[in-house]
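Have a look at run_5.cif below; it lists mmCIF, C-alpha atoms.
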data_final
loop_
_atom_site.group_PDB
_atom_site.id
_atom_site.type_symbol
_atom_site.label_atom_id
_atom_site.label_comp_id
_atom_site.auth_asym_id
_atom_site.auth_seq_id
_atom_site.Cartn_x
_atom_site.Cartn_y
_atom_site.Cartn_z
ATOM 1 C CA MET A 1 0.930 12.657 -16.062
ATOM 2 C CA THR A 2 -0.623 10.326 -18.635
ATOM 3 C CA GLU A 3 -4.188 10.193 -19.882
ATOM 4 C CA ASN A 4 -6.641 8.275 -17.702
ATOM 5 C CA ILE A 5 -7.705 5.887 -20.429
ATOM 6 C CA PHE A 6 -10.198 4.092 -18.179
ATOM 7 C CA MET A 7 -12.171 7.279 -17.633
ATOM 8 C CA ARG A 8 -12.371 7.786 -21.367
ATOM 9 C CA TYR A 9 -13.171 4.098 -21.938
ATOM 10 C CA PHE A 10 -16.107 4.065 -19.510
ATOM 11 C CA ARG A 11 -17.408 7.374 -20.831
ATOM 12 C CA GLU A 12 -17.269 6.358 -24.488
ATOM 13 C CA LYS A 13 -18.613 2.880 -23.749
ATOM 14 C CA ASN A 14 -21.719 4.535 -22.323
ATOM 15 C CA ASN A 15 -21.924 7.021 -25.218
ATOM 16 C CA LEU A 16 -21.526 9.999 -22.911
ATOM 17 C CA SER A 17 -19.939 13.370 -23.502
ATOM 18 C CA GLN A 18 -17.416 14.895 -21.134
ATOM 19 C CA GLU A 19 -20.022 17.472 -20.207
ATOM 20 C CA ALA A 20 -22.558 14.781 -19.239
ATOM 21 C CA VAL A 21 -20.111 13.054 -16.904
ATOM 22 C CA ALA A 22 -18.981 16.396 -15.495
ATOM 23 C CA ASN A 23 -22.583 17.285 -14.672
ATOM 24 C CA ALA A 24 -23.053 13.956 -12.894
ATOM 25 C CA LEU A 25 -19.942 14.659 -10.815
ATOM 26 C CA HIS A 26 -21.003 18.267 -10.137
ATOM 27 C CA ILE A 27 -17.811 19.679 -11.625
ATOM 28 C CA SER A 28 -17.164 21.806 -14.694
ATOM 29 C CA LYS A 29 -16.512 20.323 -18.120
ATOM 30 C CA GLU A 30 -13.009 21.813 -17.999
ATOM 31 C CA GLN A 31 -12.274 20.147 -14.655
ATOM 32 C CA TYR A 32 -13.431 16.794 -15.982
ATOM 33 C CA ALA A 33 -11.372 17.194 -19.150
ATOM 34 C CA GLU A 34 -8.258 17.772 -17.033
ATOM 35 C CA LEU A 35 -8.992 14.616 -15.007
ATOM 36 C CA GLU A 36 -9.444 12.500 -18.112
ATOM 37 C CA ALA A 37 -6.326 13.959 -19.712
ATOM 38 C CA GLY A 38 -4.316 13.209 -16.581
ATOM 39 C CA LYS A 39 -3.554 16.873 -15.949
ATOM 40 C CA SER A 40 -5.074 16.783 -12.457
ATOM 41 C CA ILE A 41 -5.270 14.095 -9.773
ATOM 42 C CA LEU A 42 -8.435 12.068 -9.336
ATOM 43 C CA LYS A 43 -9.445 12.611 -5.713
ATOM 44 C CA PHE A 44 -11.060 10.008 -3.503
ATOM 45 C CA GLU A 45 -14.528 11.585 -3.311
ATOM 46 C CA THR A 46 -14.735 12.091 -7.072
ATOM 47 C CA ALA A 47 -13.492 8.542 -7.628
ATOM 48 C CA LYS A 48 -16.300 7.102 -5.502
ATOM 49 C CA HIS A 49 -18.873 9.061 -7.503
ATOM 50 C CA LEU A 50 -17.371 7.768 -10.756
ATOM 51 C CA ASP A 51 -17.695 4.145 -9.642
ATOM 52 C CA ALA A 52 -21.308 4.751 -8.622
ATOM 53 C CA PHE A 53 -22.112 6.616 -11.840
ATOM 54 C CA PHE A 54 -20.632 3.968 -14.134
ATOM 55 C CA LYS A 55 -21.783 1.104 -11.861
ATOM 56 C CA SER A 56 -18.253 -0.293 -11.948
ATOM 57 C CA GLU A 57 -18.085 -3.745 -10.365
ATOM 58 C CA THR A 58 -14.277 -3.642 -10.212
ATOM 59 C CA CYS A 59 -14.242 -0.447 -8.088
ATOM 60 C CA TYR A 60 -11.352 0.712 -10.277
ATOM 61 C CA PHE A 61 -11.908 4.418 -9.680
ATOM 62 C CA TYR A 62 -12.404 3.892 -5.944
ATOM 63 C CA ILE A 63 -9.045 2.132 -5.647
ATOM 64 C CA LEU A 64 -7.274 4.661 -7.869
ATOM 65 C CA GLY A 65 -8.722 7.570 -5.926
ATOM 66 C CA LEU A 66 -7.720 6.010 -2.625
ATOM 67 C CA GLN A 67 -4.171 5.456 -3.852
ATOM 68 C CA ASN A 68 -3.950 9.050 -5.049
ATOM 69 C CA GLN A 69 -5.266 10.336 -1.727
ATOM 70 C CA LEU A 70 -2.767 8.276 0.237
ATOM 71 C CA MET A 71 0.089 9.448 -1.952
ATOM 72 C CA ALA A 72 -1.016 13.037 -1.481
ATOM 73 C CA THR A 73 -0.937 12.642 2.306
ATOM 74 C CA GLN A 74 2.344 10.712 2.481
ATOM 75 C CA ASP A 75 4.382 13.785 3.386
ATOM 76 C CA GLU A 76 1.993 14.585 6.225
ATOM 77 C CA LEU A 77 2.229 11.008 7.480
ATOM 78 C CA ILE A 78 6.035 11.123 7.403
ATOM 79 C CA VAL A 79 6.027 14.337 9.443
ATOM 80 C CA LEU A 80 3.740 12.783 12.065
ATOM 81 C CA LEU A 81 5.834 9.624 12.316
ATOM 82 C CA LYS A 82 9.052 11.618 12.626
ATOM 83 C CA LYS A 83 7.512 13.710 15.398
ATOM 84 C CA GLN A 84 6.357 10.576 17.211
ATOM 85 C CA ALA A 85 9.816 9.013 16.904
ATOM 86 C CA VAL A 86 11.412 12.143 18.396
ATOM 87 C CA GLU A 87 8.893 12.276 21.259
ATOM 88 C CA ASN A 88 9.510 8.592 22.031
ATOM 89 C CA GLY A 89 13.265 9.139 22.069
ATOM 90 C CA GLU A 90 13.796 6.839 19.086
ATOM 91 C CA LEU A 91 15.315 9.634 16.996
ATOM 92 C CA SER A 92 16.967 12.940 17.759
ATOM 93 C CA GLU A 93 15.564 16.054 16.106
ATOM 94 C CA GLU A 94 18.651 16.195 13.909
ATOM 95 C CA GLU A 95 18.218 12.571 12.806
ATOM 96 C CA ALA A 96 14.540 13.160 12.082
ATOM 97 C CA SER A 97 15.274 16.261 10.021
ATOM 98 C CA ASN A 98 17.793 14.307 7.946
ATOM 99 C CA LEU A 99 15.261 11.670 6.953
ATOM 100 C CA ASN A 100 13.914 12.198 3.473
ATOM 101 C CA ALA A 101 11.832 9.052 3.135
ATOM 102 C CA ILE A 102 10.089 6.467 5.251
ATOM 103 C CA GLY A 103 12.561 3.778 4.282
ATOM 104 C CA GLU A 104 15.497 5.650 5.839
ATOM 105 C CA SER A 105 14.264 5.150 9.410
ATOM 106 C CA SER A 106 14.995 1.770 10.958
ATOM 107 C CA GLU A 107 11.746 1.952 12.917
ATOM 108 C CA LEU A 108 9.692 3.112 9.978
ATOM 109 C CA GLU A 109 11.120 0.466 7.684
ATOM 110 C CA LYS A 110 8.836 -2.050 9.358
ATOM 111 C CA ILE A 111 6.053 -1.503 6.904
ATOM 112 C CA PRO A 112 3.461 -4.273 6.594
ATOM 113 C CA GLU A 113 4.242 -5.207 2.984
ATOM 114 C CA LEU A 114 7.766 -6.240 3.937
ATOM 115 C CA LEU A 115 6.582 -8.061 7.038
ATOM 116 C CA LEU A 116 3.977 -10.019 5.123
ATOM 117 C CA GLU A 117 6.656 -11.390 2.831
ATOM 118 C CA LYS A 118 8.362 -12.875 5.902
ATOM 119 C CA ALA A 119 5.244 -14.449 7.414
ATOM 120 C CA ALA A 120 5.673 -17.910 5.915
ATOM 121 C CA GLN A 121 9.406 -18.230 6.570
ATOM 122 C CA ASN A 122 9.697 -16.456 9.912
ATOM 123 C CA PRO A 123 6.288 -15.936 11.532
ATOM 124 C CA THR A 124 7.770 -15.362 14.993
ATOM 125 C CA GLN A 125 9.837 -12.429 13.731
ATOM 126 C CA VAL A 126 6.807 -10.889 12.030
ATOM 127 C CA ILE A 127 4.796 -11.076 15.251
ATOM 128 C CA GLN A 128 7.648 -9.523 17.214
ATOM 129 C CA GLU A 129 8.006 -6.691 14.708
ATOM 130 C CA VAL A 130 4.315 -5.786 14.823
ATOM 131 C CA PHE A 131 4.176 -5.770 18.622
ATOM 132 C CA LYS A 132 7.215 -3.493 18.709
ATOM 133 C CA VAL A 133 5.151 -0.748 17.085
ATOM 134 C CA ARG A 134 1.661 -1.623 18.381
ATOM 135 C CA ASP A 135 0.586 -2.661 21.864
ATOM 136 C CA ILE A 136 -2.386 -4.924 22.433
ATOM 137 C CA ASP A 137 -4.495 -2.161 24.006
ATOM 138 C CA SER A 138 -4.171 0.117 20.987
ATOM 139 C CA ILE A 139 -4.999 -2.815 18.710
ATOM 140 C CA ARG A 140 -8.192 -3.463 20.682
ATOM 141 C CA ASP A 141 -9.226 0.199 20.578
ATOM 142 C CA ASP A 142 -8.374 0.751 16.922
ATOM 143 C CA THR A 143 -10.072 -2.421 15.697
ATOM 144 C CA TRP A 144 -13.229 -1.507 17.625
ATOM 145 C CA ASN A 145 -13.296 1.940 15.987
ATOM 146 C CA TRP A 146 -12.795 0.258 12.629
ATOM 147 C CA MET A 147 -15.638 -2.172 13.341
ATOM 148 C CA LYS A 148 -18.010 0.631 14.370
ATOM 149 C CA ALA A 149 -17.321 2.464 11.117
ATOM 150 C CA ALA A 150 -17.889 -0.706 9.079
ATOM 151 C CA ILE A 151 -21.171 -1.885 10.581
ATOM 152 C CA ALA A 152 -22.597 1.642 10.466
ATOM 153 C CA ASN A 153 -21.988 1.876 6.711
ATOM 154 C CA ASN A 154 -25.335 1.335 5.025
ATOM 155 C CA LYS A 155 -23.832 1.853 1.580
ATOM 156 C CA SER A 156 -21.612 -1.217 1.683
ATOM 157 C CA SER A 157 -21.975 -4.966 1.977
ATOM 158 C CA CYS A 158 -22.585 -4.364 5.689
ATOM 159 C CA GLU A 159 -26.032 -2.986 4.930
ATOM 160 C CA GLU A 160 -27.165 -6.627 4.896
ATOM 161 C CA GLU A 161 -27.827 -7.998 8.368
ATOM 162 C CA ASN A 162 -26.280 -11.410 7.724
ATOM 163 C CA VAL A 163 -23.052 -9.762 6.536
ATOM 164 C CA ARG A 164 -22.916 -7.584 9.657
ATOM 165 C CA LEU A 165 -23.485 -10.579 11.915
ATOM 166 C CA THR A 166 -20.802 -12.603 10.133
ATOM 167 C CA LEU A 167 -18.335 -9.739 10.403
ATOM 168 C CA MET A 168 -19.086 -9.165 14.086
ATOM 169 C CA THR A 169 -18.605 -12.863 14.821
ATOM 170 C CA PHE A 170 -15.282 -12.756 12.989
ATOM 171 C CA TYR A 171 -14.308 -9.646 14.959
ATOM 172 C CA LYS A 172 -14.985 -11.364 18.294
ATOM 173 C CA ASP A 173 -13.022 -14.440 17.234
ATOM 174 C CA LEU A 174 -10.224 -12.199 15.976
ATOM 175 C CA LEU A 175 -9.892 -10.434 19.334
ATOM 176 C CA VAL A 176 -9.373 -13.779 21.043
ATOM 177 C CA LEU A 177 -6.811 -14.759 18.414
ATOM 178 C CA LEU A 178 -4.900 -11.481 18.758
ATOM 179 C CA GLU A 179 -4.797 -11.882 22.544
ATOM 180 C CA ALA A 180 -3.401 -15.387 22.099
ATOM 181 C CA ILE A 181 -0.777 -14.195 19.596
ATOM 182 C CA HIS A 182 0.230 -11.420 21.981
ATOM 183 C CA LEU A 183 0.512 -13.898 24.850
ATOM 184 C CA ILE A 184 2.664 -16.254 22.775
ATOM 185 C CA ASN A 185 4.920 -13.323 21.901
ATOM 186 C CA GLU A 186 5.182 -12.214 25.546
ATOM 187 C CA ARG A 187 5.979 -15.729 26.679
ATOM 188 C CA GLY A 188 8.641 -15.972 24.013
ATOM 189 C CA LYS A 189 10.284 -12.835 25.382
ATOM 190 C CA TRP A 190 9.995 -14.232 28.917
ATOM 191 C CA GLU A 191 11.637 -17.510 27.947
ATOM 192 C CA ASN A 192 14.472 -15.684 26.223
ATOM 193 C CA ALA A 193 14.994 -13.539 29.305
ATOM 194 C CA VAL A 194 14.918 -16.198 32.041
ATOM 195 C CA GLY A 195 15.654 -19.398 30.131
ATOM 196 C CA ASP A 196 13.916 -22.741 30.353
ATOM 197 C CA ARG A 197 14.752 -23.130 34.038
ATOM 198 C CA GLU A 198 11.859 -20.929 35.120
ATOM 199 C CA SER A 199 8.373 -22.400 35.241
ATOM 200 C CA MET A 200 5.888 -20.752 32.901
ATOM 201 C CA ASP A 201 3.477 -20.679 35.841
ATOM 202 C CA ALA A 202 5.608 -17.808 37.128
ATOM 203 C CA HIS A 203 5.097 -15.727 33.989
ATOM 204 C CA PRO A 204 3.282 -12.452 34.819
ATOM 205 C CA THR A 205 0.479 -13.072 32.322
ATOM 206 C CA THR A 206 -0.512 -16.266 34.135
ATOM 207 C CA GLN A 207 -1.433 -14.267 37.219
ATOM 208 C CA SER A 208 -5.141 -13.501 37.431
ATOM 209 C CA GLN A 209 -4.788 -9.717 37.591
ATOM 210 C CA ASP A 210 -2.719 -9.688 34.401
ATOM 211 C CA GLN A 211 -4.732 -12.090 32.279
ATOM 212 C CA PRO A 212 -5.720 -10.883 28.803
ATOM 213 C CA ARG A 213 -9.302 -9.670 28.888
ATOM 214 C CA ASP A 214 -10.589 -11.827 26.011
ATOM 215 C CA LEU A 215 -9.091 -15.168 27.085
ATOM 216 C CA VAL A 216 -10.334 -17.596 29.705
ATOM 217 C CA TYR A 217 -7.857 -19.292 32.034
ATOM 218 C CA GLU A 218 -7.505 -22.420 29.879
ATOM 219 C CA GLN A 219 -6.686 -20.276 26.847
ATOM 220 C CA VAL A 220 -4.128 -18.275 28.804
ATOM 221 C CA MET A 221 -2.394 -21.497 29.785
ATOM 222 C CA ASN A 222 -2.575 -22.890 26.239
ATOM 223 C CA PRO A 223 -2.767 -20.042 23.682
ATOM 224 C CA GLU A 224 -1.615 -22.384 20.916
ATOM 225 C CA GLN A 225 -4.997 -24.102 21.150
ATOM 226 C CA VAL A 226 -6.654 -20.763 20.364
ATOM 227 C CA LEU A 227 -4.701 -20.621 17.106
ATOM 228 C CA LYS A 228 -5.661 -24.189 16.263
ATOM 229 C CA SER A 229 -9.365 -23.518 16.867
ATOM 230 C CA PHE A 230 -9.351 -20.277 14.882
ATOM 231 C CA TYR A 231 -7.763 -21.790 11.782
ATOM 232 C CA GLU A 232 -10.041 -24.802 11.966
ATOM 233 C CA LYS A 233 -12.968 -22.377 11.779
ATOM 234 C CA TYR A 234 -11.575 -20.012 9.109
ATOM 235 C CA THR A 235 -9.497 -20.709 6.006
ATOM 236 C CA LEU A 236 -7.018 -18.117 4.739
ATOM 237 C CA LYS A 237 -9.298 -17.489 1.768
ATOM 238 C CA GLN A 238 -12.233 -16.738 4.075
ATOM 239 C CA ILE A 239 -10.055 -14.540 6.281
ATOM 240 C CA ARG A 240 -8.870 -12.473 3.320
ATOM 241 C CA PHE A 241 -12.442 -12.059 2.090
ATOM 242 C CA LEU A 242 -13.706 -10.957 5.516
ATOM 243 C CA PHE A 243 -10.821 -8.544 6.013
ATOM 244 C CA TRP A 244 -11.409 -6.973 2.607
ATOM 245 C CA ASN A 245 -15.140 -6.504 3.253
ATOM 246 C CA TRP A 246 -14.343 -5.037 6.651
ATOM 247 C CA LEU A 247 -11.749 -2.657 5.225
ATOM 248 C CA ASP A 248 -14.001 -1.583 2.368
ATOM 249 C CA ALA A 249 -16.969 -0.904 4.658
ATOM 250 C CA GLY A 250 -14.878 0.956 7.228
ATOM 251 C CA ILE A 251 -12.811 3.128 4.928
ATOM 252 C CA SER A 252 -15.729 4.116 2.688
ATOM 253 C CA ASN A 253 -18.068 5.208 5.488
ATOM 254 C CA GLU A 254 -18.629 8.924 5.062
ATOM 255 C CA GLY A 255 -18.627 10.943 8.253
ATOM 256 C CA VAL A 256 -17.527 8.181 10.634
ATOM 257 C CA GLY A 257 -13.871 8.276 11.539
ATOM 258 C CA TYR A 258 -12.018 8.097 8.232
ATOM 259 C CA ASP A 259 -12.890 11.267 6.337
ATOM 260 C CA ASP A 260 -9.328 12.547 5.944
ATOM 261 C CA GLY A 261 -6.621 10.957 3.859
ATOM 262 C CA ILE A 262 -4.307 10.713 6.858
ATOM 263 C CA GLU A 263 -6.969 8.799 8.810
ATOM 264 C CA ARG A 264 -7.409 6.372 5.935
ATOM 265 C CA SER A 265 -3.633 5.963 5.818
ATOM 266 C CA PHE A 266 -3.572 4.937 9.461
ATOM 267 C CA LEU A 267 -6.481 2.547 8.918
ATOM 268 C CA LEU A 268 -4.604 0.863 6.078
ATOM 269 C CA LEU A 269 -1.558 0.490 8.323
ATOM 270 C CA LEU A 270 -3.750 -1.003 11.054
ATOM 271 C CA TYR A 271 -5.320 -3.409 8.566
ATOM 272 C CA GLU A 272 -1.982 -4.583 7.262
ATOM 273 C CA HIS A 273 -0.418 -4.918 10.715
ATOM 274 C CA ILE A 274 -3.316 -7.038 11.939
ATOM 275 C CA TYR A 275 -3.340 -9.101 8.778
ATOM 276 C CA CYS A 276 0.395 -9.692 9.209
ATOM 277 C CA LEU A 277 -0.304 -11.041 12.700
ATOM 278 C CA VAL A 278 -3.101 -13.281 11.458
ATOM 279 C CA GLU A 279 -1.091 -14.712 8.582
ATOM 280 C CA ALA A 280 2.020 -15.185 10.722
ATOM 281 C CA ALA A 281 -0.081 -17.002 13.324
ATOM 282 C CA TYR A 282 -1.474 -19.200 10.559
ATOM 283 C CA TYR A 283 2.033 -20.380 9.718
ATOM 284 C CA LEU A 284 2.909 -20.799 13.394
ATOM 285 C CA ASN A 285 -0.084 -23.075 13.776
ATOM 286 C CA ASP A 286 0.654 -24.869 10.519
ATOM 287 C CA ASN A 287 4.250 -25.528 11.578
ATOM 288 C CA ALA A 288 3.088 -26.832 14.955
ATOM 289 C CA THR A 289 0.554 -29.117 13.284
ATOM 290 C CA ARG A 290 3.174 -30.558 10.947
ATOM 291 C CA SER A 291 5.744 -31.186 13.683
#
In C-alpha cells, how does this file's structure come out?
Amino acid sequence: MTENIFMRYFREKNNLSQEAVANALHISKEQYAELEAGKSILKFETAKHLDAFFKSETCYFYILGLQNQLMATQDELIVLLKKQAVENGELSEEEASNLNAIGESSELEKIPELLLEKAAQNPTQVIQEVFKVRDIDSIRDDTWNWMKAAIANNKSSCEEENVRLTLMTFYKDLLVLLEAIHLINERGKWENAVGDRESMDAHPTTQSQDQPRDLVYEQVMNPEQVLKSFYEKYTLKQIRFLFWNWLDAGISNEGVGYDDGIERSFLLLLYEHIYCLVEAAYYLNDNATRS
C-alpha cells in the first residue's frame, strides 16, 4: 500500500503532529502512523472523524473510508448473492462454488454502472434489467427505509427543515414515477406476449384490484404522462443533487439501518438501481417528446 498523502497534507497544513491527530481520533500514535503510511486501511468510522476534525468540505476521507469498507465487505456480499442465486434456482451449488468474482455470473453482471452506460441508447433494456432483479414492492420498502434513515439524520443536510421537506416531496414524486416506469415495463412485456391484437384495457394492471398503489386511474391508463410531468418538474441536475443528498444523509446516519459495511453496500446498489430507472425514464420521455 502507498502513503496516504492527503492525511499527511491535511495534518501538516494545520501544523499538527501525528500524536495530536491520533488523540483527536482516539487511537494510538502508532496506529495513526500506520494509517498515514498506508500500512493499514482507513476504516469508515475513522474516516468520518477525520473529515469532521479537518473540516474537509470535499468529504475526501468519508468517501475513501466508504470505498475501503465496501471493498472489505465485497467477499461477504459475493457469498450472499451466490447463496441467493442458489436458493432461487438461478445457479446450482457447483456453479456457485466455481464463481470467483461477481462478473462471472450472468445475473450478477447486471451491476448498475454498466446499466447506466446504456440508459441513453437503450433505456427500455435498462428498465427491464433492473426489474429482473428488483420487484416494485421491494423498491417501495427499501426506499422508505432509506428515507427514514435520511430524514432522521440530524448531522447532515437533512437537519434543516426545508431540506427535509424538499427531499420528502421528491420521494413522493419518485414513488409515482417508479410505479409508472414499472407499469410501462409490464405493459411492454404484455404487448410482446400477446401482440398488438389485444386491447390494453385487458391488461391485468388496468383492473382495479391490480392497480399500482401510488397511481390514480388516469395515470394507470397513461403512465407516459407521469414521466412527462416528473421531468417537467425536475431537471437531471436537480435529480442528481437530490439523490446525492439523500444517499449521504441515509448512509451516514449512525445507528439507523446502515451501520454495517454490507448494509451500506446494499444501499449503494439500491441507489444505483433506482437512479438507473430514473435516468432511463428520462431518455424514454425525451425520445417520446422528440418523436
Counting only C-alpha atoms, select every polymer residue within 10 Å of (11.9, 16.8, 15.1) as defined in the file's coordinates, and provide the selection as a PyMOL selection string.
-> chain A and resi 79-87+91-98
Using only C-alpha atoms, determine which residues lie at most 12 Å from A:Phe241, disregarding the query and same-chain residues fewer than 4 positions distant; provide the list as an MDAnalysis selection string.
-> chainID A and resid 157 163 166:167 170 234:237 245:248 275
Shell around A:Ser229 at 12 Å using all atoms listed in the file, local window under 3 positions removed, as a CSV table (one decimal) with C-alpha atoms, in the frame of the given file:
chain,number,residue,atom,x,y,z
A,173,ASP,CA,-13.0,-14.4,17.2
A,174,LEU,CA,-10.2,-12.2,16.0
A,176,VAL,CA,-9.4,-13.8,21.0
A,177,LEU,CA,-6.8,-14.8,18.4
A,180,ALA,CA,-3.4,-15.4,22.1
A,219,GLN,CA,-6.7,-20.3,26.8
A,222,ASN,CA,-2.6,-22.9,26.2
A,223,PRO,CA,-2.8,-20.0,23.7
A,224,GLU,CA,-1.6,-22.4,20.9
A,225,GLN,CA,-5.0,-24.1,21.2
A,226,VAL,CA,-6.7,-20.8,20.4
A,232,GLU,CA,-10.0,-24.8,12.0
A,233,LYS,CA,-13.0,-22.4,11.8
A,234,TYR,CA,-11.6,-20.0,9.1
A,235,THR,CA,-9.5,-20.7,6.0
A,281,ALA,CA,-0.1,-17.0,13.3
A,282,TYR,CA,-1.5,-19.2,10.6
A,285,ASN,CA,-0.1,-23.1,13.8
A,286,ASP,CA,0.7,-24.9,10.5
A,289,THR,CA,0.6,-29.1,13.3
Target residues per the PyMOL selection byres ((chain A and resi 127-130) around 10), formatted as a count of residues only | 32
Nearest to A:Asn154 by atom-to-atom distance, counting all atoms listed in the file, from A:Ala120, A:Ala249, A:Val216, A:Leu35 =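 Among the listed residues, the smallest separation from A:Asn154 belongs to A:Ala249.
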Could you work out how far atom CA of A:Phe53 lies from atom CA of A:Ser28, giving the answer in Å with one decimal?
->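 Calculated distance between atom CA of A:Ser28 and atom CA of A:Phe53 is 16.2 Å.
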Work out how far atom CA of A:Ala52 is from atom CA of A:Phe10, in Å to one decimal.
-> 12.1 Å
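For the atom pair formed by atom CA of A:Ile136 and atom CA of A:Asn253, the distance is 25.2 Å, given to one decimal.
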Could you tell me, as a CSV table (one decimal) with C-alpha atoms, in the frame of the given file, exactly which residues end up selected when the PyMOL selection byres ((chain A and resi 31) around 12) is applied to this structure?
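The resulting file, part12.csv, is reproduced below:
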chain,number,residue,atom,x,y,z
A,18,GLN,CA,-17.4,14.9,-21.1
A,19,GLU,CA,-20.0,17.5,-20.2
A,21,VAL,CA,-20.1,13.1,-16.9
A,22,ALA,CA,-19.0,16.4,-15.5
A,23,ASN,CA,-22.6,17.3,-14.7
A,25,LEU,CA,-19.9,14.7,-10.8
A,26,HIS,CA,-21.0,18.3,-10.1
A,27,ILE,CA,-17.8,19.7,-11.6
A,28,SER,CA,-17.2,21.8,-14.7
A,29,LYS,CA,-16.5,20.3,-18.1
A,30,GLU,CA,-13.0,21.8,-18.0
A,32,TYR,CA,-13.4,16.8,-16.0
A,33,ALA,CA,-11.4,17.2,-19.2
A,34,GLU,CA,-8.3,17.8,-17.0
A,35,LEU,CA,-9.0,14.6,-15.0
A,36,GLU,CA,-9.4,12.5,-18.1
A,37,ALA,CA,-6.3,14.0,-19.7
A,38,GLY,CA,-4.3,13.2,-16.6
A,39,LYS,CA,-3.6,16.9,-15.9
A,40,SER,CA,-5.1,16.8,-12.5
A,41,ILE,CA,-5.3,14.1,-9.8
A,42,LEU,CA,-8.4,12.1,-9.3
A,46,THR,CA,-14.7,12.1,-7.1
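Taking all atoms listed in the file into account, A:Phe230 lies nearest to A:Thr169 out of the set A:Asn192, A:Thr169, A:Asn287, A:Ser252.
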Find, counting only C-alpha atoms, the residue in A:Leu267, A:Ala24, A:Ile239, A:Met168 that gets nearest to A:Arg11.
->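 Of A:Leu267, A:Ala24, A:Ile239, A:Met168, the one nearest A:Arg11, counting only C-alpha atoms, is A:Ala24.
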Hits of the PyMOL selection byres ((chain A and resi 142-148) around 8) in this structure, as a list in words =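 Written out, the selection comes to Ser138, Ile139, Arg140, Asp141, Ala149, Ala150, Ile151, Ala152, Met168, Tyr171, Trp246, Gly250, Gly257, Leu267 and Leu270 of chain A.
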Closest of A:Leu268, A:Leu227, A:Leu178, A:Phe243 to A:Ala288 - atom-to-atom distances counting all atoms listed in the file =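 Result for the nearest residue to A:Ala288: A:Leu227.
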